[in-house]
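Student: Handing over query-v5.tsv, TSV, C-alpha atoms.
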```tsv
chain	number	residue	atom	x	y	z
A	3	MET	CA	36.10	-12.10	-2.32
A	4	LEU	CA	33.03	-9.94	-2.56
A	5	HIS	CA	33.58	-6.79	-4.55
A	6	ARG	CA	31.85	-3.44	-4.38
A	7	VAL	CA	28.62	-3.53	-6.33
A	8	GLU	CA	27.22	-0.45	-8.03
A	9	SER	CA	23.48	-0.51	-8.56
A	10	GLY	CA	21.98	0.35	-11.94
A	11	THR	CA	18.70	0.61	-13.81
A	12	GLY	CA	18.80	-2.28	-16.29
A	13	ARG	CA	15.98	-4.74	-16.90
A	14	HIS	CA	15.45	-7.31	-14.08
A	15	GLY	CA	17.25	-4.84	-11.79
A	16	ILE	CA	20.77	-6.22	-12.29
A	17	ALA	CA	22.31	-4.05	-15.00
A	18	PHE	CA	25.20	-1.92	-13.86
A	19	VAL	CA	27.74	0.43	-15.48
A	20	LYS	CA	31.45	-0.11	-14.95
A	21	LYS	CA	34.16	2.43	-15.59
A	22	ASN	CA	35.86	2.11	-18.98
A	23	ARG	CA	33.11	-0.13	-20.33
A	24	ASN	CA	33.03	0.05	-24.12
A	25	LEU	CA	30.22	1.87	-25.88
A	26	TRP	CA	28.73	-1.24	-27.48
A	27	THR	CA	28.37	-2.93	-24.10
A	28	TRP	CA	26.73	0.13	-22.59
A	29	LEU	CA	24.31	0.47	-25.51
A	30	SER	CA	23.47	-3.24	-25.40
A	31	LEU	CA	22.71	-3.23	-21.67
A	32	ASN	CA	20.70	-0.01	-21.70
A	33	PHE	CA	18.98	-0.02	-25.09
A	34	PHE	CA	19.51	-2.99	-27.40
A	35	ILE	CA	18.81	-6.10	-25.30
A	36	GLY	CA	15.07	-6.45	-24.99
A	37	VAL	CA	14.39	-4.16	-27.96
A	38	ILE	CA	16.38	-5.65	-30.83
A	39	HIS	CA	15.60	-9.28	-31.59
A	40	PRO	CA	18.32	-11.63	-30.25
A	41	ARG	CA	18.96	-13.04	-33.73
A	42	ILE	CA	19.71	-9.56	-35.07
A	43	LEU	CA	22.10	-8.96	-32.16
A	44	PHE	CA	23.78	-12.23	-33.07
A	45	TYR	CA	24.68	-10.87	-36.51
A	46	LEU	CA	25.56	-7.39	-35.23
A	47	ASN	CA	28.03	-8.87	-32.74
A	48	LYS	CA	29.70	-10.79	-35.57
A	49	LEU	CA	30.05	-7.63	-37.66
A	50	ILE	CA	31.93	-5.61	-35.04
A	51	PRO	CA	35.63	-6.64	-35.10
A	52	LYS	CA	36.35	-5.71	-31.47
A	53	LEU	CA	33.64	-8.09	-30.28
A	54	GLN	CA	35.11	-11.06	-32.14
A	55	ARG	CA	37.33	-12.03	-29.22
A	56	SER	CA	38.05	-15.72	-29.01
A	57	VAL	CA	37.01	-17.96	-26.17
A	58	VAL	CA	40.69	-18.75	-25.66
A	59	THR	CA	41.41	-15.06	-25.09
A	60	LYS	CA	38.46	-14.72	-22.75
A	61	ASN	CA	39.48	-17.72	-20.68
A	62	THR	CA	43.13	-16.62	-20.60
A	63	GLN	CA	42.24	-13.13	-19.38
A	64	ASN	CA	40.10	-14.47	-16.57
A	65	TYR	CA	42.22	-17.50	-15.68
A	66	VAL	CA	44.51	-15.92	-13.07
A	67	ASN	CA	41.79	-13.93	-11.30
A	68	ASP	CA	39.45	-16.91	-11.27
A	69	LYS	CA	42.17	-19.15	-9.82
A	70	VAL	CA	42.94	-16.70	-7.03
A	71	GLU	CA	39.27	-16.19	-6.11
A	72	SER	CA	38.54	-19.91	-6.39
A	73	ALA	CA	41.50	-20.83	-4.19
A	74	LEU	CA	40.35	-18.48	-1.44
A	75	PHE	CA	36.78	-19.75	-1.65
A	76	ASP	CA	37.84	-23.40	-1.72
A	77	GLN	CA	40.00	-22.82	1.35
A	78	LYS	CA	36.92	-21.62	3.23
A	79	VAL	CA	34.93	-24.63	2.02
A	80	MET	CA	37.58	-27.11	3.12
A	81	CYS	CA	37.94	-25.47	6.54
A	82	ALA	CA	34.19	-25.76	7.05
A	83	SER	CA	34.14	-29.40	5.93
A	84	VAL	CA	36.98	-30.36	8.26
A	85	SER	CA	35.58	-28.43	11.23
A	86	ASP	CA	32.07	-29.85	10.92
A	87	PRO	CA	31.89	-33.09	8.91
A	88	SER	CA	28.85	-34.43	10.78
A	89	MET	CA	26.95	-31.22	11.64
A	90	LYS	CA	27.18	-32.09	15.37
A	91	ARG	CA	29.08	-28.95	16.33
A	92	ILE	CA	26.73	-26.50	14.67
A	93	ASN	CA	23.84	-24.99	16.60
A	94	ILE	CA	21.23	-23.16	14.54
A	95	SER	CA	17.84	-22.15	15.92
A	96	LYS	CA	14.67	-23.30	14.19
A	97	PRO	CA	13.40	-20.43	12.01
A	98	GLU	CA	10.03	-18.88	12.76
A	99	PHE	CA	8.99	-18.57	9.10
A	100	LEU	CA	8.24	-22.30	8.89
A	101	ASP	CA	5.33	-22.07	11.32
A	102	ASN	CA	4.14	-18.45	11.47
A	103	GLY	CA	2.39	-18.28	8.08
A	104	TYR	CA	5.03	-16.13	6.41
A	105	LEU	CA	5.53	-18.61	3.56
A	106	ARG	CA	1.87	-18.28	2.58
A	107	SER	CA	2.03	-14.48	2.54
A	108	SER	CA	2.59	-12.50	-0.66
A	109	GLU	CA	6.20	-11.83	0.31
A	110	GLY	CA	6.91	-15.39	1.41
A	111	LEU	CA	5.39	-16.91	-1.74
A	112	ILE	CA	8.16	-15.22	-3.74
A	113	ALA	CA	10.39	-18.09	-2.60
A	114	PHE	CA	8.43	-20.48	-4.85
A	115	LYS	CA	7.76	-18.26	-7.88
A	116	LYS	CA	9.61	-17.79	-11.15
A	117	LEU	CA	8.45	-14.17	-11.36
A	118	PRO	CA	6.54	-12.03	-8.82
A	119	THR	CA	3.39	-12.34	-10.96
A	120	SER	CA	3.65	-16.09	-11.51
A	121	PRO	CA	0.83	-18.27	-10.13
A	122	VAL	CA	1.56	-21.02	-7.60
A	123	LEU	CA	-0.27	-24.34	-7.94
A	124	PRO	CA	-1.80	-25.42	-4.61
A	125	ALA	CA	-0.31	-28.93	-4.76
A	126	TYR	CA	3.10	-27.52	-5.70
A	127	LEU	CA	2.98	-25.08	-2.78
A	128	GLU	CA	2.12	-27.80	-0.25
A	129	CYS	CA	4.97	-29.93	-1.57
A	130	GLN	CA	7.36	-26.99	-1.26
A	131	LEU	CA	6.28	-26.28	2.32
A	132	GLU	CA	6.71	-29.92	3.33
A	133	GLY	CA	10.04	-30.04	1.49
A	134	LEU	CA	11.35	-27.03	3.43
A	135	THR	CA	10.33	-28.65	6.72
A	136	TYR	CA	12.41	-31.69	5.75
A	137	PHE	CA	15.39	-29.62	4.56
A	138	ASP	CA	15.28	-27.53	7.73
A	139	LYS	CA	15.76	-30.63	9.88
A	140	VAL	CA	18.58	-31.84	7.65
A	141	PHE	CA	20.33	-28.47	7.55
A	142	ARG	CA	20.14	-27.97	11.32
A	143	GLY	CA	21.08	-31.59	12.03
A	144	GLU	CA	17.74	-32.65	13.51
A	145	ASN	CA	16.80	-35.35	11.02
A	146	GLY	CA	17.70	-38.14	13.46
A	147	CYS	CA	20.09	-39.87	11.08
A	148	HIS	CA	23.00	-38.43	9.18
A	149	SER	CA	22.04	-39.46	5.67
A	150	SER	CA	24.41	-39.08	2.75
A	151	TYR	CA	24.05	-35.94	0.66
A	152	ASN	CA	22.89	-38.08	-2.28
A	153	ASP	CA	20.06	-39.56	-0.18
A	154	ILE	CA	19.12	-36.11	1.14
A	155	MET	CA	18.77	-34.66	-2.34
A	156	ILE	CA	16.73	-37.59	-3.63
A	157	GLU	CA	14.44	-37.49	-0.59
A	158	HIS	CA	13.94	-33.72	-0.89
A	159	HIS	CA	13.17	-34.16	-4.58
A	160	HIS	CA	10.62	-36.89	-3.77
A	161	ILE	CA	8.87	-34.62	-1.27
A	162	LEU	CA	8.92	-31.70	-3.68
A	163	ALA	CA	7.32	-33.91	-6.34
A	164	THR	CA	4.73	-35.84	-4.32
A	165	GLY	CA	4.67	-34.48	-0.74
A	166	LEU	CA	5.57	-36.21	2.51
A	167	GLU	CA	2.89	-38.89	2.05
A	168	GLY	CA	3.64	-39.39	-1.65
A	169	GLU	CA	0.04	-38.59	-2.66
A	170	ARG	CA	0.32	-35.17	-4.32
A	171	ASN	CA	0.73	-34.65	-8.04
A	172	TYR	CA	0.91	-31.63	-10.35
A	173	LYS	CA	1.86	-30.81	-13.93
A	174	VAL	CA	5.57	-30.11	-14.11
A	175	GLY	CA	5.07	-27.14	-16.44
A	176	GLY	CA	6.40	-25.77	-19.70
A	177	ILE	CA	5.87	-27.80	-22.86
A	178	SER	CA	6.33	-31.07	-20.98
A	179	LYS	CA	3.31	-33.32	-20.47
A	180	GLU	CA	4.92	-34.96	-17.44
A	181	TYR	CA	3.47	-34.86	-13.96
A	182	SER	CA	5.49	-34.63	-10.78
A	183	LYS	CA	4.79	-38.25	-9.76
A	184	ASP	CA	6.39	-39.42	-13.01
A	185	VAL	CA	9.75	-37.84	-12.16
A	186	ALA	CA	9.92	-38.05	-8.34
A	187	GLY	CA	13.51	-38.76	-7.29
A	188	LYS	CA	14.45	-39.70	-10.85
A	189	LEU	CA	18.12	-38.98	-11.63
A	190	ARG	CA	19.39	-38.40	-15.16
A	191	PRO	CA	20.55	-41.62	-16.84
A	192	THR	CA	24.25	-42.04	-17.61
A	193	GLU	CA	23.77	-42.42	-21.34
A	194	GLY	CA	25.91	-39.66	-22.78
A	195	ARG	CA	25.30	-35.94	-23.10
A	196	VAL	CA	22.28	-34.11	-24.50
A	197	ALA	CA	22.21	-30.39	-25.33
A	198	PHE	CA	19.26	-28.27	-24.19
A	199	VAL	CA	18.33	-25.46	-26.58
A	200	VAL	CA	17.22	-22.08	-25.24
A	201	GLY	CA	15.23	-20.25	-27.92
A	202	ASP	CA	12.58	-18.33	-26.01
A	203	LYS	CA	13.16	-14.60	-26.58
A	204	LYS	CA	12.95	-13.57	-22.91
A	205	MET	CA	15.27	-16.37	-21.87
A	206	VAL	CA	17.79	-15.59	-24.61
A	207	ASN	CA	17.76	-11.93	-23.60
A	208	ALA	CA	18.44	-12.91	-19.99
A	209	ILE	CA	21.50	-14.89	-21.08
A	210	LEU	CA	22.64	-12.08	-23.38
A	211	ARG	CA	22.44	-9.60	-20.54
A	212	ALA	CA	24.42	-11.82	-18.18
A	213	LEU	CA	27.18	-12.35	-20.76
A	214	THR	CA	27.20	-8.71	-21.90
A	215	GLU	CA	27.74	-7.56	-18.32
A	216	ILE	CA	31.12	-9.32	-18.39
A	217	GLU	CA	31.74	-8.13	-21.98
A	218	PHE	CA	31.77	-11.63	-23.40
A	219	TYR	CA	30.20	-12.06	-26.84
A	220	PRO	CA	30.50	-15.77	-27.67
A	221	ASP	CA	30.41	-17.02	-31.22
A	222	GLY	CA	30.08	-20.77	-31.33
A	223	GLU	CA	31.07	-23.17	-28.57
A	224	TRP	CA	32.86	-22.55	-25.28
A	225	GLU	CA	33.57	-24.41	-22.04
A	226	ILE	CA	31.94	-23.17	-18.82
A	227	GLN	CA	34.57	-22.82	-16.09
A	228	ILE	CA	33.40	-24.52	-12.87
A	229	ASP	CA	35.54	-24.43	-9.74
A	230	GLU	CA	37.29	-27.68	-8.86
A	231	ILE	CA	35.59	-29.60	-11.68
A	232	PRO	CA	37.82	-31.38	-14.26
A	233	PRO	CA	37.41	-30.54	-17.99
A	234	ASP	CA	35.59	-33.75	-18.91
A	235	ALA	CA	32.91	-32.99	-16.30
A	236	LYS	CA	32.20	-29.40	-17.33
A	237	SER	CA	29.25	-28.05	-19.32
A	238	ILE	CA	29.55	-26.73	-22.87
A	239	GLY	CA	27.74	-23.56	-23.96
A	240	THR	CA	27.02	-22.68	-27.58
A	241	ARG	CA	25.83	-19.44	-29.18
A	242	VAL	CA	23.64	-20.14	-32.19
A	243	LYS	CA	21.45	-17.95	-34.37
A	244	GLN	CA	18.23	-18.86	-32.60
A	245	GLY	CA	19.71	-18.38	-29.13
A	246	PHE	CA	21.88	-20.66	-27.00
A	247	SER	CA	22.32	-24.30	-26.10
A	248	ILE	CA	23.83	-25.83	-22.98
A	249	MET	CA	25.22	-29.35	-22.77
A	250	PRO	CA	25.54	-30.56	-19.16
A	251	PRO	CA	28.18	-33.17	-18.30
A	252	ASP	CA	27.43	-36.87	-18.48
A	253	ALA	CA	25.33	-37.95	-15.51
A	254	LYS	CA	28.16	-40.21	-14.34
A	255	TYR	CA	29.66	-37.04	-12.85
A	256	ILE	CA	26.64	-36.30	-10.63
A	257	PRO	CA	28.37	-37.93	-7.59
A	258	LEU	CA	31.33	-35.58	-8.10
A	259	TYR	CA	29.05	-32.54	-8.18
A	260	PHE	CA	27.11	-33.79	-5.15
A	261	SER	CA	30.38	-34.17	-3.25
A	262	LYS	CA	31.34	-30.56	-3.99
A	263	MET	CA	27.84	-29.34	-3.13
A	264	ASP	CA	28.02	-31.18	0.17
A	265	GLU	CA	31.28	-29.36	0.95
A	266	CYS	CA	29.66	-26.03	0.07
A	267	LEU	CA	26.73	-26.80	2.32
A	268	SER	CA	29.12	-27.37	5.22
A	269	LEU	CA	30.51	-23.87	4.68
A	270	ILE	CA	26.99	-22.41	4.42
A	271	ARG	CA	25.96	-24.17	7.62
A	272	LEU	CA	29.03	-22.81	9.43
A	273	LEU	CA	28.42	-19.29	8.12
A	274	SER	CA	24.75	-19.46	9.18
A	275	SER	CA	25.72	-20.49	12.69
A	276	GLU	CA	28.26	-17.66	12.96
A	277	ILE	CA	25.78	-15.12	11.58
A	278	GLU	CA	23.21	-16.11	14.19
A	279	ILE	CA	25.80	-15.79	16.97
A	280	ARG	CA	26.72	-12.29	15.74
A	281	GLY	CA	23.10	-11.19	15.68
A	282	TYR	CA	22.64	-11.51	11.90
A	283	LYS	CA	25.40	-9.02	11.13
A	284	ASP	CA	28.25	-9.37	8.62
A	285	ARG	CA	26.31	-11.60	6.23
A	286	ASN	CA	28.47	-10.60	3.24
A	287	SER	CA	29.98	-14.02	2.57
A	288	LEU	CA	26.67	-15.87	2.48
A	289	PRO	CA	25.42	-14.89	-1.03
A	290	GLN	CA	28.69	-16.01	-2.64
A	291	ALA	CA	28.64	-19.32	-0.81
A	292	LEU	CA	25.03	-19.85	-1.93
A	293	ALA	CA	25.99	-18.88	-5.48
A	294	ALA	CA	28.72	-21.53	-5.55
A	295	TYR	CA	26.27	-24.14	-4.25
A	296	PHE	CA	23.59	-23.21	-6.78
A	297	HIS	CA	26.09	-23.02	-9.66
A	298	LEU	CA	27.26	-26.58	-8.98
A	299	GLY	CA	23.67	-27.77	-8.71
A	300	ILE	CA	22.66	-26.27	-12.04
A	301	HIS	CA	25.59	-27.89	-13.86
A	302	ALA	CA	25.05	-31.22	-12.13
A	303	HIS	CA	21.50	-31.15	-13.54
A	304	ALA	CA	20.96	-34.18	-11.36
A	305	PHE	CA	17.27	-34.84	-11.94
A	306	VAL	CA	15.33	-35.26	-15.15
A	307	ARG	CA	12.96	-32.49	-14.05
A	308	ILE	CA	12.39	-30.10	-11.10
A	309	ASN	CA	16.00	-29.01	-10.67
A	310	GLN	CA	15.75	-25.24	-10.27
A	311	SER	CA	12.70	-25.48	-7.99
A	312	LEU	CA	14.62	-27.80	-5.69
A	313	LEU	CA	17.79	-25.68	-5.64
A	314	MET	CA	15.96	-22.37	-5.22
A	315	ALA	CA	13.88	-23.82	-2.37
A	316	GLN	CA	17.10	-24.65	-0.54
A	317	VAL	CA	18.71	-21.32	-1.41
A	318	ASN	CA	15.67	-19.32	-0.29
A	319	TYR	CA	15.42	-21.33	2.94
A	320	ILE	CA	19.02	-20.38	3.77
A	321	LEU	CA	18.47	-16.75	2.79
A	322	MET	CA	15.38	-16.50	5.03
A	323	LEU	CA	17.17	-18.35	7.83
A	324	ASN	CA	19.76	-15.57	7.76
A	325	ARG	CA	17.16	-12.76	7.70
A	326	PHE	CA	17.28	-12.03	3.96
A	327	ARG	CA	14.07	-11.75	1.98
A	328	PRO	CA	13.52	-14.63	-0.47
A	329	VAL	CA	14.14	-14.03	-4.17
A	330	CYS	CA	12.04	-15.19	-7.11
A	331	HIS	CA	13.58	-17.85	-9.33
A	332	GLY	CA	13.68	-15.57	-12.36
A	333	TYR	CA	16.36	-16.44	-14.89
A	334	VAL	CA	19.03	-17.20	-12.29
A	335	ASP	CA	19.31	-20.77	-13.57
A	336	LEU	CA	20.18	-19.51	-17.06
A	337	ALA	CA	22.82	-17.14	-15.72
A	338	ALA	CA	24.30	-20.01	-13.71
A	339	ALA	CA	24.28	-22.27	-16.75
A	340	PHE	CA	26.25	-19.88	-19.00
A	341	LEU	CA	28.50	-17.98	-16.57
A	342	ASP	CA	31.76	-19.19	-15.08
A	343	SER	CA	31.87	-19.76	-11.31
A	344	GLY	CA	33.46	-16.42	-10.41
A	345	ASP	CA	31.21	-14.38	-12.67
A	346	PHE	CA	28.10	-16.11	-11.37
A	347	ARG	CA	29.08	-15.44	-7.75
A	348	ASN	CA	29.13	-11.73	-8.57
A	349	TYR	CA	25.87	-11.97	-10.54
A	350	PHE	CA	24.03	-13.80	-7.77
A	351	THR	CA	25.32	-11.43	-5.09
A	352	ARG	CA	23.93	-8.47	-7.04
A	353	TYR	CA	20.65	-10.32	-7.54
A	354	VAL	CA	20.19	-10.99	-3.82
A	355	CYS	CA	21.27	-7.47	-2.85
A	356	GLU	CA	18.90	-5.88	-5.37
A	357	HIS	CA	15.93	-7.92	-4.13
A	358	ASN	CA	16.79	-7.02	-0.54
A	359	GLY	CA	17.30	-3.31	-1.16
A	360	ILE	CA	21.03	-3.54	-0.41
A	361	GLU	CA	23.06	-1.16	-2.58
A	362	GLN	CA	26.49	-2.61	-2.06
A	363	VAL	CA	28.39	-5.38	-0.34
A	364	THR	CA	32.07	-5.27	0.48
A	365	GLU	CA	34.49	-7.85	1.79
A	366	GLU	CA	37.95	-6.59	1.03
A	367	ASN	CA	40.82	-9.09	1.18
A	368	GLY	CA	38.61	-11.67	2.82
A	369	LYS	CA	38.00	-9.52	5.93
```
As a first step, turn the structure in this file into structure tokens.
Tutor:
Amino acid sequence: MLHRVESGTGRHGIAFVKKNRNLWTWLSLNFFIGVIHPRILFYLNKLIPKLQRSVVTKNTQNYVNDKVESALFDQKVMCASVSDPSMKRINISKPEFLDNGYLRSSEGLIAFKKLPTSPVLPAYLECQLEGLTYFDKVFRGENGCHSSYNDIMIEHHHILATGLEGERNYKVGGISKEYSKDVAGKLRPTEGRVAFVVGDKKMVNAILRALTEIEFYPDGEWEIQIDEIPPDAKSIGTRVKQGFSIMPPDAKYIPLYFSKMDECLSLIRLLSSEIEIRGYKDRNSLPQALAAYFHLGIHAHAFVRINQSLLMAQVNYILMLNRFRPVCHGYVDLAAAFLDSGDFRNYFTRYVCEHNGIEQVTEENGK
């Protein structure tokens, strides 16, 4: 279910104030995060007794609500999968933004940027544009052959890394010295689990904000709750002095995640068709469906590199297809990595609404 969203004035445009929120949470969201160093906040949180709630308590408190919301969402996903397993019954018009130059405009380029001010490498942009053309045909069922979801993701990743002709190449970014050709279509090896440390101050603050919004102050290790994913296949988050670390599941579970993502995509395809028929009205369910899809993709962490760019390209394509403005990548991947499924659906809905100038979204009792 989508709940009423109250807009606020926090950094990144997603902070909000809930009734009965404790003073520490309010101070953290409005003053401390972004001003006080994350390591100092780590020790302050440990000193305040009321914040030393255990992960067991947190998971117990949210368990019933999460199960109810997840059951309703999963019911929608299954109905979509059963009604349209081969995409043949869905009719979606080709979007104009692929050919009218919108994606090269300042507003359209947001779809491929981390932040509004981030530069876009020419080779990367051309790969993204060609990748969206491919994904459009797949999503609307015009690719000529009904490839498996696994093959679709690998092919889209290949195009995003090297272009349709396989001749483009660009530096992947960050501290890595890898180039896109080195990682094209390369899935993570099934050789155990490796934790990824997040120590950059801005990134840590983004995670702190997302967790503080749900009044969760982790100390040590906790399991990320992911809808319909068994315990052995879930990610593990850890709060450490220097920031956070996330340990994705063993890569042997990628097929499981891909299967669930494929089911989500069936729901998204069905919703998109219905939205077009209704004249792009009543789009309230779409952001949550996209959030579930993206959340699964982040925890699958299927490829060695270029995961968020791939997922956000698909998410932004579907947003634009349904007459939303695209959103920058921002720190959405970090929120997805450390939030449970239900919490991330709410987070992502606020994020999309904020970037589209929508103050609130309501869908009471699934209506």
Student: Write out as a ChimeraX atom specification which residues come within 8 Å of Pro40 (chain A) when counting only C-alpha atoms, dropping same-chain ones fewer than 5 positions away.
Tutor: /A:35,203,206-207,244-245
Student: Pull the closest atom pair for each residue of region 214-317 of chain A that gets at most 10 Å from region 178-185 of chain A, along with the distance in Å to one decimal, counting all atoms listed in the file, ordering rows by chain and then ascending residue number, as a Markdown table.
Tutor:
```
| residue | atom | partner | partner_atom | distance |
| --- | --- | --- | --- | --- |
| A:Phe305 | CA | A:Val185 | CA | 8.1 |
| A:Val306 | CA | A:Val185 | CA | 6.8 |
| A:Arg307 | CA | A:Val185 | CA | 6.5 |
| A:Ile308 | CA | A:Val185 | CA | 8.2 |
```
Student: What separation in Å, quoted to one decimal, exists between CA of Cys330 (chain A) and CA of Ile112 (chain A)?
Tutor: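 These atoms are spaced 5.1 Å apart.
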Student: Using all atoms listed in the file, pick whichever of A:Thr27, A:Thr214, A:Asn171, A:Thr135 has the shortest atom-to-atom distance to His158 (chain A).
Tutor: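 That would be A:Thr135, the residue with the smallest distance to His158 (chain A).
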Student: What is the distance, in Å and to one decimal place, between CA of Ser95 (chain A) and CA of Arg285 (chain A)?
Tutor: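 Pair CA of Ser95 (chain A) / CA of Arg285 (chain A) returns 16.6 Å.
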Student: Of the candidates A:Asp153, A:Glu225, A:Glu265, A:Asp101, which shows the shortest atom-to-atom distance to Met249 (chain A), using all atoms listed in the file?
Tutor: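 With all atoms listed in the file as the atom set, the closest residue is A:Glu225.
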Student: For Lys48 (chain A), which residue out of A:Lys96, A:Lys243, A:Arg195, A:Lys116 is the nearest one, using only C-alpha atoms?
Tutor: A:Lys243
Student: Can you work out which one of A:Asn324, A:Asn309, A:Ser261, A:Asn318 has the shortest atom-to-atom distance to Gly110 (chain A), counting all atoms listed in the file?
Tutor: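 Looking only at the distances to Gly110 (chain A), the closest residue turns out to be A:Asn318.
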Student: Restricting the calculation to only C-alpha atoms: of A:Val199, A:Ala212, A:Ile154, A:Ala302, which residue gets closest to Tyr349 (chain A)?
Tutor: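 Checking each candidate against Tyr349 (chain A), we get A:Ala212 as the closest.
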Student: Considering all atoms listed in the file, state which residue in the set A:Glu276, A:Glu128, A:Asp284, A:Glu230 is at the smallest distance from Gly168 (chain A).
Tutor: A:Glu128
Student: To one decimal in Å, tell me the separation between CA of Phe246 (chain A) and CA of Pro233 (chain A).
Tutor: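 Between CA of Phe246 (chain A) and CA of Pro233 (chain A) the gap works out to 20.5 Å.
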Student: Give me the region 238-286 of chain A side of the contact with region 337-341 of chain A, cut-off 12 Å, one line per residue showing its nearest atom pair and distance in Å at one decimal, counting all atoms listed in the file, sorted by chain and residue number, as a tab-separated table.
Tutor:
```
residue	atom	partner	partner_atom	distance
A:Ile238	CA	A:Phe340	CA	8.5
A:Gly239	CA	A:Phe340	CA	6.4
A:Thr240	CA	A:Phe340	CA	9.1
A:Arg241	CA	A:Phe340	CA	10.2
A:Phe246	CA	A:Phe340	CA	9.1
A:Ser247	CA	A:Phe340	CA	9.2
A:Ile248	CA	A:Ala339	CA	7.2
A:Met249	CA	A:Ala339	CA	9.3
A:Pro250	CA	A:Ala339	CA	8.7
A:Pro251	CA	A:Ala339	CA	11.7
```
Student: Using all atoms listed in the file, which residues sit within 12 Å of Ile50 (chain A) once same-chain residues fewer than 5 positions away are excluded, as a list of chain:residue names?
Tutor: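 So the residues in contact are A:Leu25, A:Trp26, A:Thr27, A:Leu43, A:Phe44, A:Tyr45, A:Arg55, A:Tyr219.
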Student: Please determine an axis-aligned box that encloses all atoms of region 24-43 of chain A listed in the file, with 6 Å added on each side, and express its centre and edge lengths in Å to one decimal as AutoDock Vina command-line options.
Tutor:
```
--center_x 23.7 --center_y -5.6 --center_z -28.4 --size_x 30.6 --size_y 26.9 --size_z 25.4
```
Student: So which residues touch Ala315 (chain A) within 8 Å, counting only C-alpha atoms, skipping near sequence neighbours fewer than 6 positions away, as a PyMOL selection string?
Tutor: chain A and resi 113-114+130+134
Student: Near Ala125 (chain A), counting only C-alpha atoms, which residues have an atom at most 9 Å away, once you skip same-chain residues fewer than 6 positions from it, shown as a list in words?
Tutor: Thr164, Gly165, Arg170, Asn171 and Tyr172 of chain A
Student: For region 310-314 of chain A, find every residue with an atom within 7 Å (counting only C-alpha atoms), except residues of its own chain fewer than 3 positions away, and show them as number ranges by chain.
Tutor: A: 159, 296, 299, 317-318, 331, 335
